[in-house]
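Shown next: input_35.cif, containing mmCIF, C-alpha atoms.
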data_entry
loop_
_atom_site.group_PDB
_atom_site.id
_atom_site.type_symbol
_atom_site.label_atom_id
_atom_site.label_comp_id
_atom_site.auth_asym_id
_atom_site.auth_seq_id
_atom_site.Cartn_x
_atom_site.Cartn_y
_atom_site.Cartn_z
ATOM 1 C CA MET A 1 3.232 -18.626 8.515
ATOM 2 C CA LYS A 2 3.921 -15.729 6.126
ATOM 3 C CA LYS A 3 4.317 -12.325 7.775
ATOM 4 C CA ILE A 4 3.296 -8.918 6.456
ATOM 5 C CA ALA A 5 4.495 -5.496 7.587
ATOM 6 C CA ILE A 6 2.162 -2.678 6.506
ATOM 7 C CA LEU A 7 3.515 0.835 5.924
ATOM 8 C CA ALA A 8 0.946 3.646 5.888
ATOM 9 C CA SER A 9 1.036 7.439 6.171
ATOM 10 C CA GLY A 10 -2.595 8.358 6.681
ATOM 11 C CA SER A 11 -5.990 7.201 7.857
ATOM 12 C CA GLY A 12 -5.287 3.530 7.285
ATOM 13 C CA SER A 13 -8.548 2.356 5.727
ATOM 14 C CA ASN A 14 -6.635 0.062 3.354
ATOM 15 C CA ALA A 15 -4.470 -1.154 6.237
ATOM 16 C CA GLU A 16 -7.568 -1.950 8.310
ATOM 17 C CA ASN A 17 -9.162 -3.798 5.399
ATOM 18 C CA ILE A 18 -6.011 -5.877 4.936
ATOM 19 C CA ILE A 19 -5.747 -6.621 8.664
ATOM 20 C CA LEU A 20 -9.379 -7.786 8.774
ATOM 21 C CA PHE A 21 -8.958 -9.906 5.634
ATOM 22 C CA PHE A 22 -6.001 -11.802 7.126
ATOM 23 C CA GLN A 23 -7.237 -11.864 10.731
ATOM 24 C CA HIS A 24 -7.964 -15.608 10.719
ATOM 25 C CA HIS A 25 -5.969 -16.627 7.654
ATOM 26 C CA PRO A 26 -4.435 -20.108 7.810
ATOM 27 C CA PHE A 27 -0.950 -19.139 6.572
ATOM 28 C CA ILE A 28 -0.682 -15.313 6.448
ATOM 29 C CA ARG A 29 -0.649 -12.876 9.353
ATOM 30 C CA ILE A 30 -0.133 -9.154 9.804
ATOM 31 C CA ASP A 31 2.988 -8.781 11.935
ATOM 32 C CA SER A 32 2.921 -5.017 12.400
ATOM 33 C CA VAL A 33 1.926 -1.602 11.092
ATOM 34 C CA TRP A 34 4.506 1.157 10.572
ATOM 35 C CA THR A 35 3.971 4.852 9.904
ATOM 36 C CA ASN A 36 6.108 7.930 9.406
ATOM 37 C CA LYS A 37 3.431 10.195 10.955
ATOM 38 C CA SER A 38 2.864 10.167 14.711
ATOM 39 C CA ASP A 39 -0.680 11.519 14.243
ATOM 40 C CA ALA A 40 -1.729 9.064 11.513
ATOM 41 C CA PHE A 41 -5.135 7.522 12.190
ATOM 42 C CA VAL A 42 -3.732 4.150 11.093
ATOM 43 C CA LEU A 43 -2.192 3.938 14.600
ATOM 44 C CA GLU A 44 -5.646 4.001 16.196
ATOM 45 C CA ARG A 45 -6.961 1.434 13.736
ATOM 46 C CA ALA A 46 -4.037 -0.898 14.454
ATOM 47 C CA GLU A 47 -4.487 -0.538 18.214
ATOM 48 C CA ARG A 48 -8.215 -1.262 17.969
ATOM 49 C CA LEU A 49 -7.452 -4.406 15.932
ATOM 50 C CA ASN A 50 -4.668 -5.517 18.324
ATOM 51 C CA VAL A 51 -1.889 -5.160 15.770
ATOM 52 C CA GLU A 52 1.485 -3.899 16.920
ATOM 53 C CA ALA A 53 2.162 -0.410 15.537
ATOM 54 C CA HIS A 54 5.314 1.714 15.311
ATOM 55 C CA VAL A 55 6.225 5.257 14.329
ATOM 56 C CA PHE A 56 9.526 5.972 12.595
ATOM 57 C CA THR A 57 11.148 9.084 11.185
ATOM 58 C CA LYS A 58 12.033 9.794 7.592
ATOM 59 C CA ASN A 59 15.668 9.833 8.721
ATOM 60 C CA GLU A 60 15.373 6.374 10.300
ATOM 61 C CA LEU A 61 13.984 5.088 7.024
ATOM 62 C CA ALA A 62 16.429 6.741 4.656
ATOM 63 C CA GLN A 63 19.646 7.232 6.635
ATOM 64 C CA THR A 64 19.865 4.184 8.911
ATOM 65 C CA ASP A 65 19.353 0.440 8.658
ATOM 66 C CA GLN A 66 17.160 0.405 11.765
ATOM 67 C CA LEU A 67 13.912 -0.564 9.998
ATOM 68 C CA LEU A 68 15.652 -2.948 7.636
ATOM 69 C CA VAL A 69 17.246 -4.778 10.562
ATOM 70 C CA GLU A 70 13.928 -4.862 12.429
ATOM 71 C CA PHE A 71 12.057 -6.319 9.438
ATOM 72 C CA LYS A 72 14.743 -8.978 8.996
ATOM 73 C CA LYS A 73 14.596 -9.822 12.703
ATOM 74 C CA ARG A 74 10.817 -10.205 12.427
ATOM 75 C CA LYS A 75 11.243 -12.404 9.318
ATOM 76 C CA ILE A 76 8.873 -10.274 7.246
ATOM 77 C CA ASP A 77 7.914 -11.944 3.970
ATOM 78 C CA LEU A 78 6.156 -8.976 2.352
ATOM 79 C CA ILE A 79 6.036 -5.239 2.915
ATOM 80 C CA VAL A 80 2.683 -3.742 1.917
ATOM 81 C CA LEU A 81 2.482 -0.025 1.150
ATOM 82 C CA ALA A 82 -1.066 1.041 1.990
ATOM 83 C CA GLY A 83 -1.168 4.792 1.440
ATOM 84 C CA PHE A 84 2.513 5.198 2.247
ATOM 85 C CA LEU A 85 3.828 8.356 0.597
ATOM 86 C CA LEU A 86 7.614 8.136 0.987
ATOM 87 C CA LEU A 87 9.876 6.498 -1.556
ATOM 88 C CA LEU A 88 11.448 3.400 -0.037
ATOM 89 C CA PRO A 89 15.242 3.382 -0.132
ATOM 90 C CA PRO A 90 16.725 0.914 -2.661
ATOM 91 C CA LYS A 91 17.972 -1.364 0.136
ATOM 92 C CA PHE A 92 14.352 -2.254 1.017
ATOM 93 C CA VAL A 93 13.387 -3.349 -2.475
ATOM 94 C CA ARG A 94 16.610 -5.343 -2.747
ATOM 95 C CA GLU A 95 16.009 -7.167 0.561
ATOM 96 C CA PHE A 96 12.216 -7.577 0.542
ATOM 97 C CA GLN A 97 9.347 -8.038 -1.812
ATOM 98 C CA VAL A 98 7.230 -4.882 -1.593
ATOM 99 C CA VAL A 99 3.753 -4.278 -3.021
ATOM 100 C CA ASN A 100 1.918 -0.970 -3.461
ATOM 101 C CA ILE A 101 -1.512 0.208 -4.548
ATOM 102 C CA HIS A 102 -1.976 3.321 -6.680
ATOM 103 C CA PRO A 103 -5.335 5.073 -7.289
ATOM 104 C CA ALA A 104 -5.019 5.236 -11.092
ATOM 105 C CA LEU A 105 -4.249 3.032 -14.055
ATOM 106 C CA LEU A 106 -0.467 3.157 -14.219
ATOM 107 C CA PRO A 107 1.661 4.112 -16.008
ATOM 108 C CA ALA A 108 -0.673 7.121 -16.348
ATOM 109 C CA TYR A 109 -1.087 9.488 -13.396
ATOM 110 C CA GLY A 110 1.804 8.154 -11.359
ATOM 111 C CA GLY A 111 5.034 9.535 -9.983
ATOM 112 C CA LYS A 112 6.153 11.803 -7.190
ATOM 113 C CA GLY A 113 3.341 13.971 -5.868
ATOM 114 C CA MET A 114 0.605 11.972 -7.592
ATOM 115 C CA TYR A 115 -1.579 10.647 -4.785
ATOM 116 C CA GLY A 116 -5.094 11.012 -3.454
ATOM 117 C CA ALA A 117 -7.259 13.839 -4.758
ATOM 118 C CA ARG A 118 -4.439 15.122 -6.984
ATOM 119 C CA VAL A 119 -4.665 11.946 -9.063
ATOM 120 C CA HIS A 120 -8.461 12.045 -9.293
ATOM 121 C CA GLN A 121 -8.469 15.739 -10.273
ATOM 122 C CA ALA A 122 -5.876 15.115 -13.000
ATOM 123 C CA VAL A 123 -7.884 12.188 -14.392
ATOM 124 C CA ILE A 124 -11.075 14.292 -14.482
ATOM 125 C CA ASP A 125 -9.289 17.362 -15.915
ATOM 126 C CA ASN A 126 -7.983 15.226 -18.774
ATOM 127 C CA LYS A 127 -11.529 14.042 -19.527
ATOM 128 C CA GLU A 128 -10.651 10.368 -19.156
ATOM 129 C CA LYS A 129 -13.488 7.884 -19.659
ATOM 130 C CA GLU A 130 -12.195 5.474 -16.989
ATOM 131 C CA SER A 131 -9.864 5.255 -14.038
ATOM 132 C CA GLY A 132 -9.065 2.538 -11.544
ATOM 133 C CA ILE A 133 -6.395 1.049 -9.352
ATOM 134 C CA THR A 134 -3.030 -0.523 -9.979
ATOM 135 C CA ILE A 135 -1.475 -3.017 -7.579
ATOM 136 C CA HIS A 136 2.193 -3.392 -8.401
ATOM 137 C CA LEU A 137 5.532 -4.581 -7.107
ATOM 138 C CA VAL A 138 7.740 -1.749 -5.892
ATOM 139 C CA ASP A 139 11.118 -0.933 -7.349
ATOM 140 C CA GLU A 140 13.380 2.096 -6.895
ATOM 141 C CA GLN A 141 11.015 4.568 -8.621
ATOM 142 C CA TYR A 142 7.653 6.027 -7.614
ATOM 143 C CA ASP A 143 4.689 4.080 -9.023
ATOM 144 C CA HIS A 144 6.852 1.803 -11.102
ATOM 145 C CA GLY A 145 7.435 -1.928 -11.045
ATOM 146 C CA LYS A 146 5.672 -5.020 -12.334
ATOM 147 C CA ILE A 147 1.899 -4.592 -12.462
ATOM 148 C CA LEU A 148 0.056 -7.402 -10.682
ATOM 149 C CA VAL A 149 -3.579 -6.263 -10.916
ATOM 150 C CA GLN A 150 -5.509 -3.417 -12.485
ATOM 151 C CA ALA A 151 -9.218 -2.859 -11.910
ATOM 152 C CA LYS A 152 -11.245 -0.190 -13.689
ATOM 153 C CA CYS A 153 -14.251 2.021 -13.121
ATOM 154 C CA SER A 154 -16.047 4.375 -15.473
ATOM 155 C CA ILE A 155 -15.999 8.134 -15.037
ATOM 156 C CA ASP A 156 -19.375 9.873 -15.192
ATOM 157 C CA PRO A 157 -19.773 13.235 -16.978
ATOM 158 C CA ASP A 158 -20.453 14.971 -13.636
ATOM 159 C CA GLU A 159 -17.695 13.127 -11.738
ATOM 160 C CA THR A 160 -15.908 14.998 -8.955
ATOM 161 C CA PRO A 161 -12.639 14.065 -7.258
ATOM 162 C CA GLU A 162 -14.719 13.010 -4.226
ATOM 163 C CA THR A 163 -17.079 10.717 -6.138
ATOM 164 C CA LEU A 164 -14.192 9.216 -8.101
ATOM 165 C CA ALA A 165 -12.280 8.683 -4.859
ATOM 166 C CA GLU A 166 -15.199 6.636 -3.513
ATOM 167 C CA LYS A 167 -15.270 4.436 -6.630
ATOM 168 C CA ILE A 168 -11.508 3.927 -6.374
ATOM 169 C CA HIS A 169 -11.777 3.147 -2.659
ATOM 170 C CA GLN A 170 -14.307 0.394 -3.368
ATOM 171 C CA LEU A 171 -11.920 -1.155 -5.908
ATOM 172 C CA GLU A 172 -9.083 -0.984 -3.375
ATOM 173 C CA MET A 173 -11.155 -2.709 -0.683
ATOM 174 C CA GLU A 174 -12.147 -5.487 -3.064
ATOM 175 C CA HIS A 175 -8.866 -6.195 -4.827
ATOM 176 C CA PHE A 176 -5.887 -5.302 -2.604
ATOM 177 C CA PRO A 177 -6.167 -8.075 0.028
ATOM 178 C CA LYS A 178 -6.810 -10.731 -2.635
ATOM 179 C CA ALA A 179 -3.787 -9.592 -4.659
ATOM 180 C CA ILE A 180 -1.607 -9.762 -1.523
ATOM 181 C CA GLU A 181 -2.852 -13.265 -0.751
ATOM 182 C CA LYS A 182 -2.173 -14.433 -4.303
ATOM 183 C CA LEU A 183 1.302 -12.908 -4.223
ATOM 184 C CA LEU A 184 2.168 -14.546 -0.891
ATOM 185 C CA LYS A 185 1.120 -17.949 -2.167
ATOM 186 C CA LYS A 186 4.030 -17.584 -4.606
ATOM 187 C CA VAL A 187 6.637 -16.073 -2.237
ATOM 188 C CA PRO A 188 9.037 -18.570 -0.678
ATOM 189 C CA LYS A 189 9.319 -18.403 3.113
ATOM 190 C CA VAL A 190 12.204 -16.235 4.342
ATOM 191 C CA ASN A 191 14.286 -17.709 7.192
#
Whole structure given in structure tokens:
Amino acid sequence: MKKIAILASGSGSNAENIILFFQHHPFIRIDSVWTNKSDAFVLERAERLNVEAHVFTKNELAQTDQLLVEFKKRKIDLIVLAGFLLLLPPKFVREFQVVNIHPALLPAYGGKGMYGARVHQAVIDNKEKESGITIHLVDEQYDHGKILVQAKCSIDPDETPETLAEKIHQLEMEHFPKAIEKLLKKVPKVN
């Protein structure tokens, strides 16, 4: 059985979608959900779906090996960033395979501070004809690493950040769990 740890910082709609997708999967299971925000709605979603959830501090992530040791103890095969806004320390990407989703077509509109409505507003302000999502492996830089999947949507002349966000969200719901499954079919079991 392959195990996933999900890291999220916000409402957790992507995390919930991933949990539901793998709920009865024959060889992949969600081990746990982790967040750096004690008031993140992802905690309620995880509880409702009977998935173990934990809160950690930025210091625990960056200055200690506490999470790293815990993930090794749990034999996590893949860390999934589902709306997780902190940069993972290099030790995580050296020890684990990590995948992220970004609400734009990287390499455009990525980097520190480029998330959520900020991305959508920048895309619209630059009069782009299309946007989309990028699912990529994580390395030591924000929104960088090998691209696994990109999916596109068109931008209407009267597009707003809110309407674009909804289009992007639909792409995320459709493609993220499938990309994770495909990736885990290729990842050797960690023991």
Evaluate the PyMOL selection byres ((chain A and resi 184) around 10) and report residues as number ranges by chain:
A: 2-4, 27-28, 77-78, 97, 178-183, 185-189
Spell out the residues picked by the PyMOL selection byres ((chain A and resi 18-25) around 10) here, as an NGL selection string.
:A and (1 or 4 or 6 or 12-17 or 26-33 or 45-46 or 49-51 or 80 or 82 or 173 or 176-178 or 180-181)
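Here atom CA of Lys146 of chain A is placed at a distance of 23.4 Å from atom CA of Glu128 of chain A.
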Under the PyMOL selection byres ((chain A and resi 162-172) around 9), which residues of this model are included? Write them out as a list in words.
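That selection, the PyMOL selection byres ((chain A and resi 162-172) around 9), comes back as Asn14, Ile101, His102, Pro103, Ala104, Gly116, Ala117, His120, Gln121, Ile124, Ser131, Gly132, Ile133, Thr134, Ile135, Ala151, Lys152, Cys153, Ser154, Ile155, Asp156, Glu159, Thr160, Pro161, Met173, Glu174, His175, Phe176 and Pro177 of chain A.
The coordinates place atom CA of Leu106 of chain A at 8.3 Å from atom CA of Ile147 of chain A.
The coordinates place atom CA of Leu61 of chain A at 16.9 Å from atom CA of Gly10 of chain A.
Each of A:Glu130, A:Ile79, A:Val42, A:Phe92 was checked against Thr64 of chain A using only C-alpha atoms; the smallest atom-to-atom distance is that of A:Phe92.
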Write out as a list of chain:residue names the residues lying within 8 Å of Gln141 of chain A, counting all atoms listed in the file and excluding same-chain residues fewer than 4 positions away.
A:Leu87, A:Gly111, A:Gly145
I'd like to know which of A:Leu105, A:Val123, A:Ile76, A:Leu43 is closest to His144 of chain A, using all atoms listed in the file.
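Nearest to His144 of chain A: A:Leu105.
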Nearest to Met114 of chain A, restricted to all atoms listed in the file and choosing among A:His136, A:Lys129, A:Pro90, A:Leu85, comes out as A:Leu85
